Structures are given as C-alpha cells and as structure tokens.
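One file, start_19.cif, carrying mmCIF, C-alpha atoms:
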data_model
#
loop_
_atom_site.label_atom_id
_atom_site.label_comp_id
_atom_site.auth_asym_id
_atom_site.auth_seq_id
_atom_site.Cartn_x
_atom_site.Cartn_y
_atom_site.Cartn_z
CA MET A 1 20.14 -18.46 42.88
CA PRO A 2 18.28 -15.33 43.92
CA LEU A 3 20.14 -12.33 45.22
CA TYR A 4 19.51 -11.45 48.85
CA PHE A 5 20.10 -8.12 50.53
CA ASP A 6 23.34 -9.52 51.94
CA ASP A 7 24.63 -10.21 48.42
CA VAL A 8 24.50 -6.66 47.09
CA ALA A 9 26.80 -3.72 47.74
CA PRO A 10 27.21 -0.23 46.29
CA GLY A 11 29.04 -0.26 42.98
CA MET A 12 27.81 -3.68 41.86
CA SER A 13 26.38 -3.57 38.37
CA PHE A 14 24.17 -5.71 36.16
CA GLU A 15 23.54 -5.86 32.41
CA THR A 16 20.31 -6.98 30.79
CA GLY A 17 19.37 -8.47 27.45
CA THR A 18 17.72 -6.37 24.75
CA TYR A 19 14.21 -5.17 23.86
CA THR A 20 13.37 -4.11 20.34
CA MET A 21 10.86 -1.27 20.10
CA GLU A 22 8.65 -2.60 17.29
CA GLU A 23 6.69 0.15 15.55
CA SER A 24 3.35 -1.69 15.66
CA ARG A 25 3.65 -2.48 19.38
CA MET A 26 4.80 1.08 20.06
CA LYS A 27 1.71 2.53 18.41
CA ALA A 28 -0.65 0.02 20.04
CA PHE A 29 0.77 0.78 23.48
CA ALA A 30 0.36 4.50 22.88
CA ALA A 31 -3.19 4.05 21.58
CA GLU A 32 -4.10 2.25 24.80
CA PHE A 33 -2.24 4.30 27.39
CA ASP A 34 -0.81 7.51 25.94
CA PRO A 35 -2.88 8.50 22.89
CA GLN A 36 -1.05 11.64 21.80
CA TYR A 37 -0.31 12.38 18.16
CA PHE A 38 3.49 12.28 18.46
CA HIS A 39 3.22 8.64 19.60
CA LEU A 40 0.72 7.63 16.90
CA ASP A 41 1.04 9.60 13.68
CA ASP A 42 4.35 9.59 11.80
CA GLU A 43 3.59 12.66 9.70
CA ALA A 44 2.11 14.86 12.42
CA ALA A 45 4.89 13.88 14.83
CA LYS A 46 7.44 15.65 12.63
CA ASP A 47 6.13 19.00 13.87
CA SER A 48 6.13 17.96 17.54
CA VAL A 49 8.76 18.51 20.21
CA PHE A 50 10.08 15.02 19.35
CA GLY A 51 10.72 15.87 15.68
CA GLY A 52 9.22 12.53 14.64
CA LEU A 53 7.36 9.51 15.94
CA ALA A 54 8.50 8.61 19.48
CA ALA A 55 7.57 5.86 21.91
CA SER A 56 5.56 6.73 24.99
CA GLY A 57 7.89 7.11 27.96
CA TRP A 58 5.68 4.59 29.76
CA HIS A 59 6.42 2.01 27.08
CA THR A 60 10.14 2.61 27.57
CA ALA A 61 9.69 2.33 31.35
CA ALA A 62 7.70 -0.90 31.01
CA ALA A 63 10.27 -2.37 28.59
CA THR A 64 13.01 -1.45 31.05
CA MET A 65 11.13 -3.32 33.79
CA ARG A 66 10.84 -6.38 31.58
CA LEU A 67 14.58 -6.36 30.90
CA LEU A 68 15.34 -6.02 34.61
CA VAL A 69 12.91 -8.78 35.65
CA GLU A 70 14.38 -11.12 33.00
CA SER A 71 17.95 -10.67 34.14
CA LEU A 72 17.90 -9.85 37.84
CA ASP A 73 16.73 -12.58 40.20
CA LEU A 74 15.99 -10.80 43.47
CA ALA A 75 14.84 -12.74 46.53
CA GLY A 76 11.13 -12.09 46.97
CA GLY A 77 10.87 -10.40 43.58
CA MET A 78 11.45 -6.90 42.32
CA VAL A 79 8.98 -4.72 44.20
CA GLY A 80 9.50 -1.00 44.07
CA SER A 81 8.03 1.32 46.65
CA GLY A 82 8.96 4.29 44.56
CA CYS A 83 11.15 5.60 41.77
CA GLU A 84 12.36 8.54 39.76
CA ILE A 85 12.46 8.55 35.98
CA ALA A 86 14.14 10.94 33.59
CA TRP A 87 13.46 10.58 29.87
CA THR A 88 16.58 11.95 28.22
CA LYS A 89 16.10 11.20 24.52
CA PRO A 90 13.24 10.01 22.29
CA VAL A 91 12.94 6.28 21.63
CA ARG A 92 12.25 5.55 17.95
CA ALA A 93 10.66 2.64 16.14
CA GLY A 94 13.26 -0.09 15.68
CA ASP A 95 15.45 1.02 18.56
CA VAL A 96 17.10 -1.82 20.45
CA LEU A 97 17.16 -1.06 24.15
CA ARG A 98 19.31 -2.52 26.89
CA VAL A 99 19.77 -1.61 30.53
CA ARG A 100 22.75 -1.30 32.83
CA SER A 101 21.96 -1.06 36.53
CA GLU A 102 24.22 -0.07 39.36
CA VAL A 103 23.64 -0.43 43.09
CA VAL A 104 23.83 3.09 44.52
CA GLU A 105 22.97 2.46 48.15
CA VAL A 106 21.95 -0.32 50.51
CA VAL A 107 19.92 0.49 53.62
CA PRO A 108 19.17 -2.17 56.25
CA SER A 109 15.69 -1.83 57.71
CA LYS A 110 15.66 -0.58 61.29
CA SER A 111 12.28 -2.00 62.16
CA LYS A 112 12.32 -5.24 60.12
CA PRO A 113 15.55 -7.25 60.54
CA ASP A 114 14.66 -9.65 57.72
CA ARG A 115 14.96 -7.08 54.92
CA GLY A 116 16.59 -3.95 53.57
CA ALA A 117 16.21 -1.41 50.80
CA VAL A 118 18.40 -1.24 47.72
CA VAL A 119 18.66 1.87 45.56
CA LEU A 120 19.35 0.93 41.93
CA ARG A 121 20.21 3.38 39.15
CA SER A 122 19.29 1.89 35.79
CA GLU A 123 20.32 3.49 32.52
CA THR A 124 18.41 2.41 29.42
CA ARG A 125 20.40 2.90 26.21
CA ASN A 126 19.62 2.51 22.55
CA GLN A 127 21.73 0.68 19.95
CA ASP A 128 23.94 3.77 19.54
CA GLY A 129 24.75 3.88 23.24
CA ASP A 130 22.63 6.99 23.86
CA VAL A 131 20.92 7.06 27.24
CA VAL A 132 17.15 7.30 26.64
CA GLN A 133 15.99 6.86 30.23
CA VAL A 134 17.48 7.00 33.72
CA PHE A 135 15.43 5.11 36.29
CA THR A 136 16.29 5.26 39.98
CA SER A 137 14.35 2.82 42.11
CA ARG A 138 14.07 1.85 45.73
CA THR A 139 13.46 -1.87 46.09
CA VAL A 140 12.95 -3.96 49.21
CA LEU A 141 15.12 -7.08 49.37
CA ARG A 142 15.00 -9.97 51.83
CA ARG A 143 18.00 -10.85 53.93
CA ARG A 144 19.44 -14.31 53.46
CA PRO A 145 17.75 -16.71 55.88
CA ALA A 146 20.08 -17.62 58.76
CA MET B 1 -9.31 24.89 24.18
CA PRO B 2 -5.88 23.73 25.22
CA LEU B 3 -4.31 25.00 28.40
CA TYR B 4 -1.23 27.15 27.94
CA PHE B 5 1.45 27.88 30.52
CA ASP B 6 -0.22 31.24 31.15
CA ASP B 7 -3.46 29.50 32.11
CA VAL B 8 -2.13 27.45 35.01
CA ALA B 9 -1.23 28.49 38.54
CA PRO B 10 -0.28 26.69 41.74
CA GLY B 11 -3.31 25.23 43.51
CA MET B 12 -5.35 24.59 40.37
CA SER B 13 -6.68 21.05 40.27
CA PHE B 14 -8.11 18.66 37.71
CA GLU B 15 -10.18 15.47 37.98
CA THR B 16 -10.11 12.64 35.45
CA GLY B 17 -12.56 9.95 34.42
CA THR B 18 -12.11 6.35 35.54
CA TYR B 19 -10.10 3.31 34.47
CA THR B 20 -11.20 -0.18 35.48
CA MET B 21 -8.37 -2.61 36.14
CA GLU B 22 -9.69 -5.66 34.33
CA GLU B 23 -8.13 -8.90 35.57
CA SER B 24 -7.37 -10.28 32.11
CA ARG B 25 -5.70 -7.06 30.95
CA MET B 26 -3.81 -6.82 34.24
CA LYS B 27 -2.33 -10.28 33.77
CA ALA B 28 -1.57 -9.75 30.08
CA PHE B 29 0.24 -6.48 30.84
CA ALA B 30 2.28 -8.21 33.54
CA ALA B 31 3.09 -11.16 31.28
CA GLU B 32 4.48 -8.75 28.71
CA PHE B 33 6.30 -6.24 30.90
CA ASP B 34 6.53 -7.38 34.51
CA PRO B 35 6.33 -11.18 34.60
CA GLN B 36 6.52 -11.78 38.33
CA TYR B 37 4.35 -14.36 40.09
CA PHE B 38 2.47 -11.87 42.29
CA HIS B 39 1.17 -10.16 39.12
CA LEU B 40 0.24 -13.41 37.35
CA ASP B 41 -0.73 -16.22 39.69
CA ASP B 42 -3.65 -15.70 42.10
CA GLU B 43 -2.73 -18.60 44.39
CA ALA B 44 1.00 -18.00 44.62
CA ALA B 45 0.44 -14.24 45.10
CA LYS B 46 -1.22 -14.92 48.47
CA ASP B 47 2.21 -15.65 49.96
CA SER B 48 3.84 -12.57 48.43
CA VAL B 49 4.42 -9.15 49.94
CA PHE B 50 1.15 -8.08 48.26
CA GLY B 51 -0.94 -10.75 50.03
CA GLY B 52 -2.77 -11.47 46.77
CA LEU B 53 -2.75 -10.76 43.07
CA ALA B 54 -1.71 -7.15 42.37
CA ALA B 55 -1.33 -5.08 39.21
CA SER B 56 2.14 -4.15 38.01
CA GLY B 57 2.96 -0.63 39.15
CA TRP B 58 3.74 0.12 35.50
CA HIS B 59 0.20 -0.77 34.53
CA THR B 60 -1.11 1.63 37.18
CA ALA B 61 1.28 4.31 35.93
CA ALA B 62 0.23 3.77 32.30
CA ALA B 63 -3.48 3.82 33.25
CA THR B 64 -2.88 7.06 35.13
CA MET B 65 -1.30 8.56 32.02
CA ARG B 66 -4.30 7.54 29.93
CA LEU B 67 -6.68 9.20 32.39
CA LEU B 68 -4.59 12.38 32.36
CA VAL B 69 -4.30 12.50 28.57
CA GLU B 70 -8.07 11.98 28.21
CA SER B 71 -8.99 14.82 30.52
CA LEU B 72 -6.21 17.39 30.38
CA ASP B 73 -5.74 19.24 27.10
CA LEU B 74 -2.29 20.82 27.35
CA ALA B 75 -0.94 23.01 24.56
CA GLY B 76 1.67 20.99 22.68
CA GLY B 77 0.71 17.80 24.50
CA MET B 78 1.69 16.21 27.78
CA VAL B 79 5.41 15.60 27.53
CA GLY B 80 7.26 14.80 30.71
CA SER B 81 10.97 15.29 31.06
CA GLY B 82 10.93 13.41 34.33
CA CYS B 83 8.83 12.24 37.23
CA GLU B 84 8.69 10.61 40.61
CA ILE B 85 6.31 7.77 41.43
CA ALA B 86 5.36 6.29 44.78
CA TRP B 87 3.21 3.15 44.84
CA THR B 88 1.37 3.36 48.12
CA LYS B 89 -1.11 0.47 48.01
CA PRO B 90 -1.65 -2.60 45.79
CA VAL B 91 -4.09 -2.28 42.88
CA ARG B 92 -6.41 -5.29 42.64
CA ALA B 93 -8.41 -6.81 39.79
CA GLY B 94 -11.65 -4.89 39.41
CA ASP B 95 -10.38 -1.71 41.03
CA VAL B 96 -11.75 1.46 39.49
CA LEU B 97 -9.07 4.12 39.36
CA ARG B 98 -9.38 7.88 39.02
CA VAL B 99 -6.84 10.68 39.26
CA ARG B 100 -6.82 14.08 40.87
CA SER B 101 -3.99 16.39 39.83
CA GLU B 102 -2.87 19.60 41.41
CA VAL B 103 -0.48 22.20 40.04
CA VAL B 104 2.36 22.44 42.56
CA GLU B 105 4.67 24.87 40.82
CA VAL B 106 5.04 26.84 37.59
CA VAL B 107 8.50 27.79 36.36
CA PRO B 108 8.93 30.09 33.34
CA SER B 109 11.87 29.05 31.17
CA LYS B 110 14.83 31.42 31.43
CA SER B 111 16.32 30.50 28.07
CA LYS B 112 13.15 29.86 26.04
CA PRO B 113 10.52 32.61 26.40
CA ASP B 114 7.83 30.58 24.56
CA ARG B 115 7.47 27.94 27.28
CA GLY B 116 7.62 27.01 30.93
CA ALA B 117 7.61 23.98 33.19
CA VAL B 118 4.65 22.87 35.28
CA VAL B 119 5.01 20.54 38.24
CA LEU B 120 1.87 18.41 38.67
CA ARG B 121 1.14 16.14 41.62
CA SER B 122 -1.30 13.43 40.58
CA GLU B 123 -2.92 11.12 43.09
CA THR B 124 -4.46 7.93 41.73
CA ARG B 125 -7.19 6.52 43.97
CA ASN B 126 -9.27 3.37 43.93
CA GLN B 127 -13.05 3.12 44.35
CA ASP B 128 -12.66 3.26 48.15
CA GLY B 129 -10.74 6.53 47.98
CA ASP B 130 -7.42 4.93 48.93
CA VAL B 131 -4.39 6.48 47.25
CA VAL B 132 -2.64 3.75 45.24
CA GLN B 133 -0.07 5.93 43.47
CA VAL B 134 1.37 9.42 43.78
CA PHE B 135 2.92 10.69 40.57
CA THR B 136 4.82 13.97 40.49
CA SER B 137 5.72 15.11 37.00
CA ARG B 138 7.52 17.98 35.38
CA THR B 139 5.89 18.90 32.09
CA VAL B 140 6.85 21.55 29.57
CA LEU B 141 3.96 23.79 28.47
CA ARG B 142 3.85 26.37 25.70
CA ARG B 143 3.05 29.98 26.46
CA ARG B 144 -0.03 31.43 24.80
CA PRO B 145 0.97 32.94 21.45
CA ALA B 146 0.98 36.74 21.62
#

File written out as structure tokens:
Amino acid sequence: MPLYFDDVAPGMSFETGTYTMEESRMKAFAAEFDPQYFHLDDEAAKDSVFGGLAASGWHTAAATMRLLVESLDLAGGMVGSGCEIAWTKPVRAGDVLRVRSEVVEVVPSKSKPDRGAVVLRSETRNQDGDVVQVFTSRTVLRRRPA
Amino acid sequence: MPLYFDDVAPGMSFETGTYTMEESRMKAFAAEFDPQYFHLDDEAAKDSVFGGLAASGWHTAAATMRLLVESLDLAGGMVGSGCEIAWTKPVRAGDVLRVRSEVVEVVPSKSKPDRGAVVLRSETRNQDGDVVQVFTSRTVLRRRPA
C-alpha cells in the first residue's frame, strides 16, 4: 500500500534496512565518479583530511537513496525537486549504513489540488550509531484519489 | 598547479568537459541505487511525472562531481562539508552534460588560519543549454603555504 500525501504528518518516522559499504565497490564508485586519492588509495589517504580511506559522499548519498526506495513506498514514487546534504563523518570500508527519516513538514500544493510536498529529514548512521550524513529532501506526493 | 584559497575570488568561473549519459549506464546506476520504474522502464516511464525515461538525480549529481574533479585542481582536493541540489529538468539517455561553476563566496576560517571555505554554484546543462541541475557546495580549501 503506497503512502499518499494524506497519510503523512510531521513527526512520522521511518527506518530502513542496511547497506554495507564494500571496499571494492567503494573504490570502483570513486574511480568512476569521484577519482580523488583519499577515495582510492589507502596509504595516501592517511595524510588526507579524512585520515584514511573514505567513501565518496556521492556513494553515501546514492546508498541512502537505495535504502529509502527499498523501504518507503510513496505514491507516484520518490521524486525530489531538491535537497540539502551535510556529510558529518567519513564513511569507511565495511561500514554498515542505515537510515532513519522523519517527516518535517507537509505542504499542500496551492495550484495543483492532487498533490503536495513533503519535507523529509533523513539521517544516515553507521554501525556505531554515528551520523555520517544528514539529507533533507523535498518530495512531491500525490493525494489519495477521492 | 592546484588552486589555493588565496587564488579564488567571488565571480571567478570554471568550465568542465562533458559527460555523456549512456542509456545502459543510466539504467545500471538506477538498478543499483535508485530502482524506480521511471529510471528503468522506457514504456512505463511515459506515464510518470518525467513523461519518459529519466536518469536518477544521483547519477546526474555523481556525473557532475566527476566533471568538476576532472577540471578543477583544488589544493587538498575537493571535499564538501555540505551542499544543496536542485534538479530542474529530467536528464535523458544520450544527453551530453557539462558544468559551469562560479565562486559565490569565500570565507576565511576564523579558527584555522591555514584554510577557508569556498561556496561554488555549479550549473549542469545538457547539449541544448538547458539547466538540469544546480549544485551549491561549500568546500574547504587550503591557503597557499607561506
């Protein structure tokens, strides 16, 4: 049963499954999209701002999306018009990520009565409970058909 | 020659090379990180909000990062503490993306005299010149060693 705009309210929260940041996938992602030494080279990364090999923030963001899509069934799909991301701690090889999302705000559309916008704040944590990313998104959701 | 904090000023701009959104890569990325029908199924996508198959916004964001990393040599690397993204238009299979970045603001660090923050506004455009993504990032840059 998909969630419609009418089903969500501020304060509601959702938990996802987990995503394991495999070292080989982490390096392959970085090689393709974010080829910087601290994402690719264990030794050289020790002298970087991360103090060791770290996942690309875009890999963490993409993994977060996967976890959200797997666990949240939104009517019409999860389509973001925009977002804010803060990367708060490095993600390391072997980290097991999970996401907790909370509805921050719901805004009915003034011009389109069949939909509304939902602001979700999604914290991605590692296996120690440390927040590695905070992702705030604005998603359009359909209203339940009359 | 890497760019140091001292080398950048508001109004400076940078152009990247291009990234072609290949259909097979687009679908494989979506299958891994954003498995929603409008990113995977040409026929079904016609009835979606995108009106046809569209790339995952995370693929566009990752491609944008690759273009920036390839063309901008920042001292210490391009490490974002946070960003805002707006996805303004769907990216289609075969689109050729390029990025133009402008320095919006430079903020010397008060507590750490060896660095400062640079706010970059990066517009990703397709081959028709349409803006498909606006990415505003806050990046820490080293000051030139004395």

- Task: For chain A, report every residue with an atom at most 7 Å from chain B (counting only C-alpha atoms), formatted as a PyMOL selection string.
- Result: chain A and resi 33-34+36+58+62-63+65-66+69+77+81-87

- Excluding range 11-17 of chain B and any residue of its chain fewer than 2 positions from it, enumerate the residues within 7 Å of it, using all atoms listed in the file, and give them as a PyMOL selection string. chain B and resi 8-9+67-68+71+98-104

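Across the structure, CA of Ala28 in chain B and CA of Thr18 in chain A are spaced 20.3 Å apart.
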
- Task: Report as a ChimeraX atom specification the full result of the PyMOL selection byres ((chain A and resi 117) around 9) when it is applied to this structure.
- Result: /A:5,105-109,115-116,118-119,138-142

- Task: Measure the distance from CA of Arg144 in chain A to CA of Tyr4 in chain A in Å and round it to one decimal.
- Result: 5.4 Å

- Item | CA of Gln127 in chain B to CA of Ala93 in chain B, distance in Å rounded to a single decimal |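 So the answer is 11.9 Å.
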
- Matched chain/residue IDs from the PyMOL selection byres ((chain B and resi 92) around 12), as JSON, numbers by chain: {"B": [20, 21, 22, 23, 24, 25, 26, 27, 38, 39, 40, 42, 45, 50, 51, 52, 53, 54, 55, 56, 57, 59, 60, 89, 90, 91, 93, 94, 95, 96, 97, 125, 126, 127, 128, 132]}
